[in-house]
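**Student:** File follows, entry_35.txt with compact mmCIF, C-alpha atoms:
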# COMPACT_ATOMS: atom_id res chain seq x y z
CA MET A 7 39.22 77.10 47.80
CA LEU A 8 42.46 75.22 48.43
CA ARG A 9 44.65 78.13 47.44
CA LEU A 10 42.85 81.10 49.01
CA VAL A 11 40.49 80.05 51.82
CA PRO A 12 43.07 78.50 54.21
CA PHE A 13 45.41 81.47 53.84
CA VAL A 14 42.71 84.13 54.26
CA ALA A 15 41.35 82.12 57.21
CA LEU A 16 44.86 82.17 58.74
CA MET A 17 44.86 85.96 58.37
CA PHE A 18 41.47 86.08 60.13
CA PHE A 19 42.76 83.73 62.86
CA ILE A 20 45.62 86.12 63.65
CA ASN A 21 43.29 89.12 63.37
CA TYR A 22 40.79 87.81 65.91
CA LEU A 23 43.53 86.59 68.27
CA ASP A 24 45.23 89.99 68.32
CA ARG A 25 42.04 91.93 68.98
CA THR A 26 40.86 89.58 71.79
CA ALA A 27 44.27 88.90 73.43
CA ILE A 28 43.44 91.59 75.98
CA GLY A 29 40.72 89.28 77.33
CA PHE A 30 43.33 86.64 78.19
CA ALA A 31 45.72 89.21 79.68
CA ALA A 32 43.12 90.82 81.97
CA PRO A 33 42.66 88.12 84.64
CA ASN A 34 46.28 86.98 84.41
CA GLY A 35 48.12 90.01 85.69
CA MET A 36 47.31 92.93 83.39
CA ASN A 37 44.34 94.31 85.34
CA ARG A 38 46.31 93.99 88.58
CA ASP A 39 49.53 95.53 87.22
CA LEU A 40 47.74 98.45 85.55
CA GLY A 41 45.14 98.90 88.32
CA LEU A 42 42.08 98.45 86.08
CA SER A 43 38.46 98.20 87.23
CA ALA A 44 35.97 96.10 85.23
CA ALA A 45 34.60 99.27 83.58
CA GLN A 46 38.10 100.50 82.67
CA PHE A 47 38.96 97.12 81.20
CA GLY A 48 35.68 97.16 79.28
CA PHE A 49 36.38 100.62 77.89
CA ALA A 50 39.95 99.72 76.88
CA SER A 51 38.64 96.57 75.18
CA GLY A 52 35.86 98.41 73.38
CA VAL A 53 37.68 101.60 72.33
CA PHE A 54 39.40 99.44 69.71
CA PHE A 55 36.16 99.57 67.75
CA ILE A 56 35.98 103.38 67.73
CA GLY A 57 39.21 103.51 65.73
CA TYR A 58 37.93 100.71 63.54
CA ILE A 59 34.61 102.45 62.92
CA LEU A 60 36.20 105.75 61.86
CA LEU A 61 38.14 104.17 59.01
CA GLU A 62 35.98 101.13 58.16
CA VAL A 63 34.19 102.44 55.05
CA PRO A 64 37.15 104.48 53.68
CA SER A 65 39.42 101.45 54.12
CA ASN A 66 37.09 99.14 52.20
CA LEU A 67 36.70 101.68 49.41
CA ALA A 68 40.49 101.92 49.24
CA LEU A 69 40.66 98.15 48.95
CA HIS A 70 38.17 98.25 46.09
CA LYS A 71 40.28 100.89 44.32
CA ILE A 72 43.83 99.74 45.12
CA GLY A 73 43.31 95.99 45.17
CA ALA A 74 42.91 93.43 47.94
CA ARG A 75 46.41 91.98 47.77
CA ARG A 76 48.26 95.18 48.62
CA TRP A 77 45.64 96.60 50.97
CA LEU A 78 45.12 93.47 53.10
CA ALA A 79 48.90 92.99 53.35
CA ARG A 80 49.32 96.63 54.44
CA ILE A 81 46.61 96.26 57.08
CA MET A 82 48.23 93.15 58.58
CA VAL A 83 51.72 94.61 58.84
CA THR A 84 50.37 97.82 60.40
CA TRP A 85 48.26 96.11 63.05
CA GLY A 86 51.11 93.67 63.80
CA ILE A 87 53.40 96.57 64.67
CA VAL A 88 50.75 98.11 66.97
CA ALA A 89 50.02 94.71 68.57
CA VAL A 90 53.68 94.28 69.51
CA LEU A 91 53.62 97.66 71.30
CA PHE A 92 51.18 96.25 73.88
CA THR A 93 54.20 94.44 75.31
CA PHE A 94 55.41 97.74 76.78
CA VAL A 95 52.16 99.36 78.03
CA GLN A 96 52.45 100.97 81.48
CA SER A 97 49.09 102.59 82.27
CA TYR A 98 45.36 102.58 81.60
CA THR A 99 45.76 105.66 79.38
CA GLN A 100 48.46 104.02 77.27
CA LEU A 101 46.40 100.83 77.02
CA SER A 102 43.35 102.76 75.81
CA TRP A 103 45.32 104.67 73.18
CA LEU A 104 46.98 101.50 71.92
CA ARG A 105 43.62 99.75 71.66
CA PHE A 106 42.28 102.73 69.70
CA GLY A 107 45.36 102.59 67.43
CA LEU A 108 44.93 98.86 66.90
CA GLY A 109 41.39 99.52 65.68
CA VAL A 110 42.65 102.17 63.26
CA ALA A 111 45.30 99.76 61.99
CA GLU A 112 42.88 96.84 61.55
CA ALA A 113 40.10 98.94 59.96
CA GLY A 114 38.73 97.31 56.85
CA PHE A 115 40.32 93.88 57.24
CA PHE A 116 37.23 91.79 57.94
CA PRO A 117 34.85 93.40 55.40
CA GLY A 118 37.79 93.49 52.97
CA ALA A 119 38.29 89.75 53.37
CA ILE A 120 34.55 89.12 52.86
CA LEU A 121 34.57 91.29 49.75
CA PHE A 122 37.76 89.65 48.47
CA LEU A 123 36.30 86.14 48.74
CA SER A 124 33.01 87.25 47.12
CA LEU A 125 35.02 88.48 44.10
CA TRP A 126 36.40 84.97 43.63
CA VAL A 127 33.43 82.72 44.39
CA PRO A 128 30.19 82.28 42.40
CA SER A 129 27.09 82.75 44.55
CA ARG A 130 26.15 79.06 44.69
CA TYR A 131 29.43 78.29 46.50
CA ARG A 132 29.57 81.41 48.63
CA SER A 133 27.92 80.11 51.81
CA ARG A 134 30.28 77.12 51.87
CA VAL A 135 33.38 79.24 51.32
CA LEU A 136 32.40 81.87 53.88
CA GLY A 137 31.68 79.06 56.33
CA LEU A 138 35.18 77.63 55.88
CA PHE A 139 36.63 81.14 56.26
CA TYR A 140 34.57 81.78 59.40
CA LEU A 141 35.83 78.57 61.01
CA ALA A 142 38.95 80.56 61.84
CA GLN A 143 37.05 82.64 64.41
CA PRO A 144 35.90 79.90 66.84
CA LEU A 145 39.10 77.95 66.21
CA THR A 146 41.06 81.04 67.22
CA THR A 147 39.80 80.54 70.76
CA VAL A 148 40.14 76.74 70.62
CA VAL A 149 43.83 77.12 69.75
CA GLY A 150 44.47 80.64 70.98
CA ALA A 151 43.18 80.32 74.55
CA PRO A 152 45.53 77.45 75.51
CA LEU A 153 48.32 79.15 73.52
CA ALA A 154 47.75 82.39 75.42
CA GLY A 155 47.78 80.47 78.69
CA TRP A 156 51.06 78.80 77.74
CA LEU A 157 52.67 82.14 76.77
CA ILE A 158 51.42 83.82 79.96
CA GLY A 159 52.90 80.94 81.93
CA HIS A 160 56.39 82.00 80.81
CA ASP A 161 56.46 84.83 83.32
CA GLY A 162 59.92 86.43 83.46
CA VAL A 163 61.47 83.77 81.20
CA PHE A 164 61.99 85.94 78.12
CA PHE A 165 63.52 89.41 78.45
CA ALA A 166 62.27 89.46 82.07
CA LEU A 167 58.77 90.21 80.74
CA GLU A 168 55.65 89.51 82.77
CA GLY A 169 53.72 86.60 81.27
CA TRP A 170 50.90 88.73 79.92
CA ARG A 171 53.38 91.06 78.20
CA PHE A 172 55.17 88.12 76.59
CA MET A 173 51.78 86.87 75.39
CA PHE A 174 51.15 90.18 73.55
CA LEU A 175 54.57 89.90 71.89
CA GLY A 176 53.95 86.30 70.89
CA VAL A 177 50.63 86.99 69.17
CA GLY A 178 51.71 90.27 67.51
CA VAL A 179 54.78 89.17 65.57
CA PRO A 180 52.92 86.60 63.35
CA ALA A 181 50.70 89.37 61.92
CA ILE A 182 53.75 91.16 60.51
CA ALA A 183 55.16 87.95 59.01
CA VAL A 184 51.91 86.80 57.39
CA GLY A 185 51.22 90.33 56.10
CA VAL A 186 54.52 90.30 54.20
CA ILE A 187 53.71 86.85 52.76
CA ALA A 188 50.23 88.03 51.70
CA TRP A 189 51.77 90.70 49.45
CA PHE A 190 53.26 87.96 47.28
CA TYR A 191 50.71 85.18 47.78
CA LEU A 192 47.32 86.77 47.04
CA ALA A 193 45.93 87.86 43.67
CA ASP A 194 43.30 90.57 43.22
CA SER A 195 41.06 88.63 40.82
CA PRO A 196 40.83 85.33 38.91
CA ALA A 197 42.11 87.12 35.79
CA LYS A 198 45.41 87.82 37.60
CA ALA A 199 45.84 84.33 39.10
CA THR A 200 48.94 82.80 37.52
CA TRP A 201 48.29 79.53 39.39
CA LEU A 202 45.07 78.92 37.39
CA THR A 203 45.17 77.57 33.86
CA PRO A 204 43.86 79.90 31.10
CA ALA A 205 40.73 77.75 30.80
CA GLU A 206 40.13 77.93 34.57
CA ARG A 207 40.62 81.71 34.61
CA ASP A 208 38.18 82.16 31.71
CA TRP A 209 35.55 79.88 33.24
CA LEU A 210 35.65 81.53 36.66
CA THR A 211 35.70 85.06 35.24
CA ASN A 212 32.73 84.30 32.99
CA GLU A 213 30.79 82.68 35.86
CA LEU A 214 31.23 85.74 38.03
CA GLN A 215 30.40 88.20 35.27
CA ALA A 216 27.27 86.26 34.30
CA GLU A 217 25.87 86.71 37.81
CA GLN A 218 26.15 90.49 37.82
CA PRO A 219 23.06 91.57 35.86
CA ALA A 220 20.94 88.65 37.07
CA GLN A 221 21.21 89.03 40.82
CA LYS A 222 22.42 92.55 41.63
CA GLU A 223 20.22 95.55 42.23
CA HIS A 224 22.60 98.25 43.43
CA HIS A 225 25.93 99.29 41.96
CA ASP A 226 25.63 102.96 42.88
CA LEU A 227 27.64 103.83 46.00
CA ARG A 228 24.89 106.09 47.35
CA LYS A 229 22.38 103.22 47.35
CA ALA A 230 24.40 101.40 50.00
CA PHE A 231 23.95 104.27 52.47
CA THR A 232 20.25 104.85 51.74
CA SER A 233 19.09 101.23 51.47
CA GLY A 234 16.68 100.19 54.22
CA ARG A 235 17.79 96.58 53.76
CA VAL A 236 21.42 97.53 54.44
CA TRP A 237 20.51 99.39 57.62
CA THR A 238 18.26 96.55 58.83
CA LEU A 239 21.06 94.06 58.21
CA SER A 240 23.38 96.38 60.11
CA LEU A 241 21.13 96.21 63.20
CA ILE A 242 20.79 92.43 62.89
CA TYR A 243 24.57 92.13 62.80
CA PHE A 244 24.83 94.46 65.80
CA GLY A 245 22.98 91.95 67.97
CA PHE A 246 25.15 89.01 66.99
CA ILE A 247 28.41 90.89 67.48
CA TYR A 248 27.26 92.27 70.83
CA GLY A 249 26.89 88.68 72.00
CA LEU A 250 30.14 87.55 70.40
CA TYR A 251 32.35 90.17 72.06
CA ALA A 252 30.62 90.01 75.43
CA LEU A 253 31.71 86.37 75.45
CA ALA A 254 35.15 86.96 73.94
CA PHE A 255 36.26 89.65 76.40
CA PHE A 256 34.59 88.49 79.62
CA LEU A 257 34.50 84.69 79.39
CA PRO A 258 38.10 84.35 80.69
CA THR A 259 37.22 86.63 83.62
CA ILE A 260 34.03 84.68 84.37
CA ILE A 261 35.97 81.40 84.30
CA ALA A 262 38.60 82.87 86.61
CA GLY A 263 35.70 83.74 88.95
CA PHE A 264 34.75 80.05 89.21
CA GLN A 265 37.62 79.66 91.69
CA GLU A 266 35.97 81.90 94.27
CA GLN A 267 32.36 81.13 93.38
CA TYR A 268 32.67 77.34 93.43
CA ASP A 269 35.85 76.90 95.50
CA THR A 270 37.86 75.44 92.62
CA LYS A 271 41.42 75.93 91.43
CA PHE A 272 42.62 76.08 87.80
CA GLY A 273 46.08 76.59 86.35
CA LEU A 274 46.77 79.04 83.49
CA VAL A 275 46.65 76.40 80.75
CA GLU A 276 43.55 74.83 82.36
CA LYS A 277 41.78 78.20 82.28
CA GLY A 278 42.72 78.51 78.62
CA LEU A 279 41.35 75.05 77.85
CA ILE A 280 38.08 75.80 79.67
CA THR A 281 37.75 79.06 77.74
CA ALA A 282 38.23 77.08 74.52
CA ILE A 283 35.51 74.50 75.30
CA PRO A 284 32.51 76.42 73.85
CA TYR A 285 34.27 77.16 70.58
CA LEU A 286 35.00 73.64 69.35
CA PRO A 287 31.28 72.70 69.21
CA ALA A 288 30.71 76.19 67.77
CA ALA A 289 33.06 75.38 64.90
CA LEU A 290 31.11 72.16 64.24
CA ALA A 291 27.78 74.02 64.37
CA LEU A 292 29.14 76.60 61.92
CA PHE A 293 30.27 73.87 59.51
CA LEU A 294 26.94 72.00 59.63
CA ALA A 295 24.85 75.18 59.29
CA THR A 296 26.74 76.42 56.24
CA ARG A 297 26.68 72.94 54.72
CA HIS A 298 22.90 72.83 55.09
CA ALA A 299 22.58 76.36 53.66
CA THR A 300 24.77 75.43 50.69
CA ARG A 301 22.52 72.46 49.87
CA HIS A 302 19.16 74.13 50.43
CA GLY A 303 19.88 77.84 50.04
CA VAL A 304 20.16 80.42 52.81
CA LYS A 305 16.78 80.75 54.52
CA THR A 306 15.52 83.12 57.20
CA GLY A 307 15.71 80.31 59.74
CA HIS A 308 19.46 79.96 59.23
CA ILE A 309 19.81 83.37 60.90
CA ALA A 310 16.69 83.90 63.05
CA ILE A 311 16.62 80.53 64.86
CA PRO A 312 20.22 80.80 66.13
CA ALA A 313 19.49 84.37 67.28
CA VAL A 314 16.54 83.20 69.42
CA THR A 315 18.53 80.26 70.80
CA GLY A 316 21.45 82.50 71.80
CA ALA A 317 19.12 85.11 73.29
CA ILE A 318 17.65 82.53 75.66
CA SER A 319 20.81 80.59 76.53
CA ILE A 320 23.20 83.43 77.42
CA PRO A 321 21.26 84.90 80.39
CA LEU A 322 20.61 81.37 81.70
CA ALA A 323 24.35 80.66 81.80
CA LEU A 324 24.88 82.61 85.02
CA PHE A 325 21.97 80.85 86.76
CA ALA A 326 23.36 77.40 85.96
CA GLY A 327 24.68 76.64 89.46
CA SER A 328 27.89 74.85 88.50
CA PRO A 329 30.97 75.48 86.31
CA ALA A 330 30.06 72.59 83.98
CA LEU A 331 26.46 73.71 83.37
CA THR A 332 27.56 77.34 82.95
CA VAL A 333 30.00 76.28 80.23
CA VAL A 334 27.25 74.19 78.56
CA MET A 335 24.94 77.21 78.32
CA ILE A 336 27.74 79.42 77.04
CA THR A 337 28.55 76.71 74.49
CA ILE A 338 24.97 76.84 73.20
CA THR A 339 25.29 80.61 72.81
CA ALA A 340 28.60 80.31 70.95
CA CYS A 341 27.12 77.64 68.64
CA SER A 342 24.15 79.92 67.91
CA ILE A 343 26.28 82.94 67.02
CA PHE A 344 28.72 81.09 64.78
CA ALA A 345 26.02 79.05 63.04
CA ALA A 346 24.37 82.29 61.90
CA LEU A 347 27.26 84.60 60.95
CA PRO A 348 28.63 83.04 57.71
CA ASN A 349 25.11 82.57 56.34
CA PHE A 350 24.28 86.14 57.30
CA TRP A 351 27.13 87.45 55.14
CA THR A 352 25.71 85.85 52.00
CA VAL A 353 22.70 88.19 52.19
CA PRO A 354 24.32 91.60 51.40
CA THR A 355 26.21 90.23 48.37
CA GLN A 356 22.89 89.06 46.90
CA PHE A 357 21.83 92.62 46.12
CA LEU A 358 24.98 94.78 46.21
CA THR A 359 27.91 94.90 43.80
CA GLY A 360 30.90 97.06 42.92
CA ALA A 361 31.56 100.10 45.08
CA ALA A 362 28.13 99.66 46.68
CA ALA A 363 29.15 96.19 47.87
CA ALA A 364 32.38 97.56 49.34
CA ALA A 365 30.52 100.36 51.13
CA GLY A 366 27.50 98.27 52.15
CA ILE A 367 29.54 95.44 53.64
CA ALA A 368 31.72 97.98 55.44
CA LEU A 369 28.65 99.82 56.77
CA ILE A 370 27.13 96.60 58.14
CA ASN A 371 30.44 95.65 59.72
CA THR A 372 30.72 99.15 61.17
CA MET A 373 27.52 98.56 63.13
CA GLY A 374 29.08 95.33 64.34
CA ASN A 375 32.03 97.34 65.56
CA VAL A 376 29.70 99.71 67.40
CA ALA A 377 28.50 96.57 69.19
CA GLY A 378 32.13 95.59 69.70
CA PHE A 379 32.65 98.85 71.61
CA ALA A 380 29.34 98.76 73.45
CA ALA A 381 29.42 95.10 74.54
CA PRO A 382 32.59 95.10 76.68
CA TYR A 383 32.04 98.60 78.05
CA VAL A 384 28.37 98.12 78.98
CA THR A 385 29.05 94.60 80.27
CA GLY A 386 31.87 95.88 82.50
CA TRP A 387 29.85 98.88 83.67
CA LEU A 388 26.82 96.74 84.54
CA ALA A 389 29.05 94.25 86.36
CA ASP A 390 30.62 97.06 88.43
CA ALA A 391 27.18 98.55 89.16
CA ASN A 392 25.97 95.16 90.43
CA GLY A 393 28.92 94.36 92.67
CA GLY A 394 30.74 92.19 90.13
CA ASP A 395 27.62 90.16 89.21
CA TYR A 396 27.27 89.61 85.43
CA LYS A 397 23.60 88.51 85.39
CA VAL A 398 22.11 91.87 84.36
CA ALA A 399 24.85 92.35 81.77
CA PHE A 400 24.09 88.99 80.17
CA PHE A 401 20.35 89.71 80.09
CA ALA A 402 21.27 92.75 78.00
CA VAL A 403 23.22 90.46 75.65
CA GLY A 404 20.15 88.25 75.29
CA GLY A 405 17.95 91.24 74.53
CA PHE A 406 20.13 92.42 71.65
CA MET A 407 20.26 88.92 70.15
CA MET A 408 16.47 88.65 70.36
CA LEU A 409 16.25 91.99 68.51
CA SER A 410 18.34 90.44 65.72
CA ALA A 411 15.84 87.60 65.40
CA VAL A 412 12.85 89.95 65.25
CA LEU A 413 14.46 92.17 62.62
CA MET A 414 15.48 89.19 60.47
CA LEU A 415 11.92 87.90 60.48
CA ALA A 416 10.60 91.38 59.65
CA LEU A 417 13.08 91.77 56.77
CA SER A 418 12.15 88.37 55.38
CA ARG A 419 8.44 89.19 55.55
CA ARG A 420 8.98 92.53 53.82
CA ASP A 421 10.92 90.86 51.01
CA ARG A 422 8.19 88.23 50.54
CA VAL A 423 5.54 90.94 50.33
CA ALA A 424 7.64 92.88 47.80
CA VAL A 425 8.13 89.78 45.63
CA ALA A 426 4.41 88.95 45.77
CA ALA A 427 3.54 92.50 44.70
CA ARG A 428 5.77 92.16 41.61
CA VAL A 429 4.30 88.80 40.51
CA PRO A 430 1.18 89.16 38.33
CA ALA A 431 -1.88 87.30 39.58
CA PRO A 432 -2.90 84.23 37.48
CA ALA A 433 -5.67 84.74 34.93
CA GLY A 434 -9.13 84.56 36.45
CA HIS A 435 -8.01 85.80 39.90
Show how you would write the structure in this file as structure tokens.

**Tutor:**
Amino acid sequence: MLRLVPFVALMFFINYLDRTAIGFAAPNGMNRDLGLSAAQFGFASGVFFIGYILLEVPSNLALHKIGARRWLARIMVTWGIVAVLFTFVQSYTQLSWLRFGLGVAEAGFFPGAILFLSLWVPSRYRSRVLGLFYLAQPLTTVVGAPLAGWLIGHDGVFFALEGWRFMFLGVGVPAIAVGVIAWFYLADSPAKATWLTPAERDWLTNELQAEQPAQKEHHDLRKAFTSGRVWTLSLIYFGFIYGLYALAFFLPTIIAGFQEQYDTKFGLVEKGLITAIPYLPAALALFLATRHATRHGVKTGHIAIPAVTGAISIPLALFAGSPALTVVMITITACSIFAALPNFWTVPTQFLTGAAAAAGIALINTMGNVAGFAAPYVTGWLADANGGDYKVAFFAVGGFMMLSAVLMLALSRRDRVAVAARVPAPAGH
């Protein structure tokens, strides 16, 4: 945990910052300079996920075959190069193609990181470790939003770049540097970890091998694509990610709109700090939820209850009537999403292993990336269709999160029925 989780979380931090940096750039000069409507911005934000989707499963299978160390390092360096190119974008068309290319470059990173950690961690520790890894995502906004505001504030200071262009440069270069370090720092498996003692390597390897026959059902690659449980989990994940990216891409724009709506004035760093507010409590909620799941086991409620809470809170945010109450409702939504996600990812690894695990995790994450495309595009389109009002768009977000809750409850009920059918009735009944 000390050796791997902080470093892989740092990789995830940079990953999420680079893919959502466009949300900080939009209200701070990019949309104006490139002449983007809300729908065009939504499409450019979401087309990232088309590139990601096309190569998601092949990338994760390549990681399984080639090894996580080399493949994750390659992914980071590649996406870092593409991220830097955003500094020089001149049109909506160029922006869209670069976002598509960034998705191609990043394809496989997140499911690859999940798979990588699952290959190191026995199941009884997995919820805790994935929770610590997932902390990087809300903390990306806590740290990244003020950082982005600070970088954007240096308009014309470096190389005569507009502030939003300098911001893209500042968040792209670290991906290249950390990718190079990852090549030398990571190890593909406990057996190859020179920083463990022989006794530690043997213990961890034996623990992981002992779990394989006891808890895994599917090793065959084809089972991952034909499993009803995998497809149901994919739809559940869709709802959560739809909510996550609707917030990530449009929250800075909504906060910028407070100035006109409530006759307030915020500076660039202040906007960044307000954007970060929901994500610090979300990080705490994530930590407490995974801690509870580690102690008591992952239950249906760890996923379904946050989905219902988020489904109700997100549409209410735009009826709040004040900036403070709006941010409170959005904070509840962010807490709900992040409390559920790390516990959700313990479920697929309970019944998939080997190539099936690589493909199944990638397939589930692919559905999340479909949501990543749909959320910003549909949100922007609905906002344009309603004269810039986001209420209808956020009701759609709530509907998809409620669908996640319903499907999780249905999956849990189906599994209970299946288990009951396999257990013989006691004598005399």

**Student:** Tell me which protein, DNA and RNA residues are within 9 Å of Leu214 in chain A, counting all atoms listed in the file, leaving out same-chain ones fewer than 4 positions away, and put them as a VMD selection string.

**Tutor:** chain A and resid 125 to 129 209 to 210 218

**Student:** Counting all atoms listed in the file, figure out which residue out of A:Leu121, A:Cys341, A:Ala416, A:Ala15 gets nearest to Leu290 in chain A.

**Tutor:**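 Of the candidates, the smallest distance to Leu290 in chain A is held by A:Cys341.
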
**Student:** As an MDAnalysis selection string, please: the residues near range 183-189 of chain A (cut-off 12 Å, all atoms listed in the file, same-chain neighbours under 5 positions excluded).

**Tutor:** chainID A and resid 10 13:21 73:87 112 115 177:178 194

**Student:** Calculate how many Å separate CA of Leu23 in chain A from CA of Pro348 in chain A, rounding to one decimal.

**Tutor:**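 It comes out at 18.6 Å.
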
**Student:** Please provide as a PDB file with C-alpha atoms, keeping the file's coordinate frame all residues within 7 Å of Ser342 in chain A, with the sequence filter that same-chain residues fewer than 5 positions apart are discarded (counting all atoms listed in the file).

**Tutor:**
ATOM      1  CA  PRO A 312      20.220  80.800  66.130  1.00  0.00           C
ATOM      2  CA  ALA A 313      19.490  84.370  67.280  1.00  0.00           C
ATOM      3  CA  THR A 315      18.530  80.260  70.800  1.00  0.00           C
ATOM      4  CA  GLY A 316      21.450  82.500  71.800  1.00  0.00           C
TER       5      GLY A 316
END

**Student:** Determine, counting all atoms listed in the file, which protein, DNA and RNA residues have an atom within 12 Å of an atom of Trp156 in chain A; residues of the same chain fewer than 6 positions away are not included. Present the result as JSON, numbers by chain.

**Tutor:** {"A": [30, 31, 34, 149, 150, 169, 170, 172, 173, 176, 177, 273, 274, 275, 276, 277, 278, 279]}

**Student:** What is the CA of Ile28 in chain A to CA of Ser51 in chain A distance in Å?

**Tutor:**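 Interatomic distance, CA of Ile28 in chain A to CA of Ser51 in chain A: 7.0 Å.
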
**Student:** From the list A:Phe400, A:Phe406, A:Phe174, A:Tyr140, which residue is nearest Phe246 in chain A when using all atoms listed in the file?

**Tutor:** A:Phe406
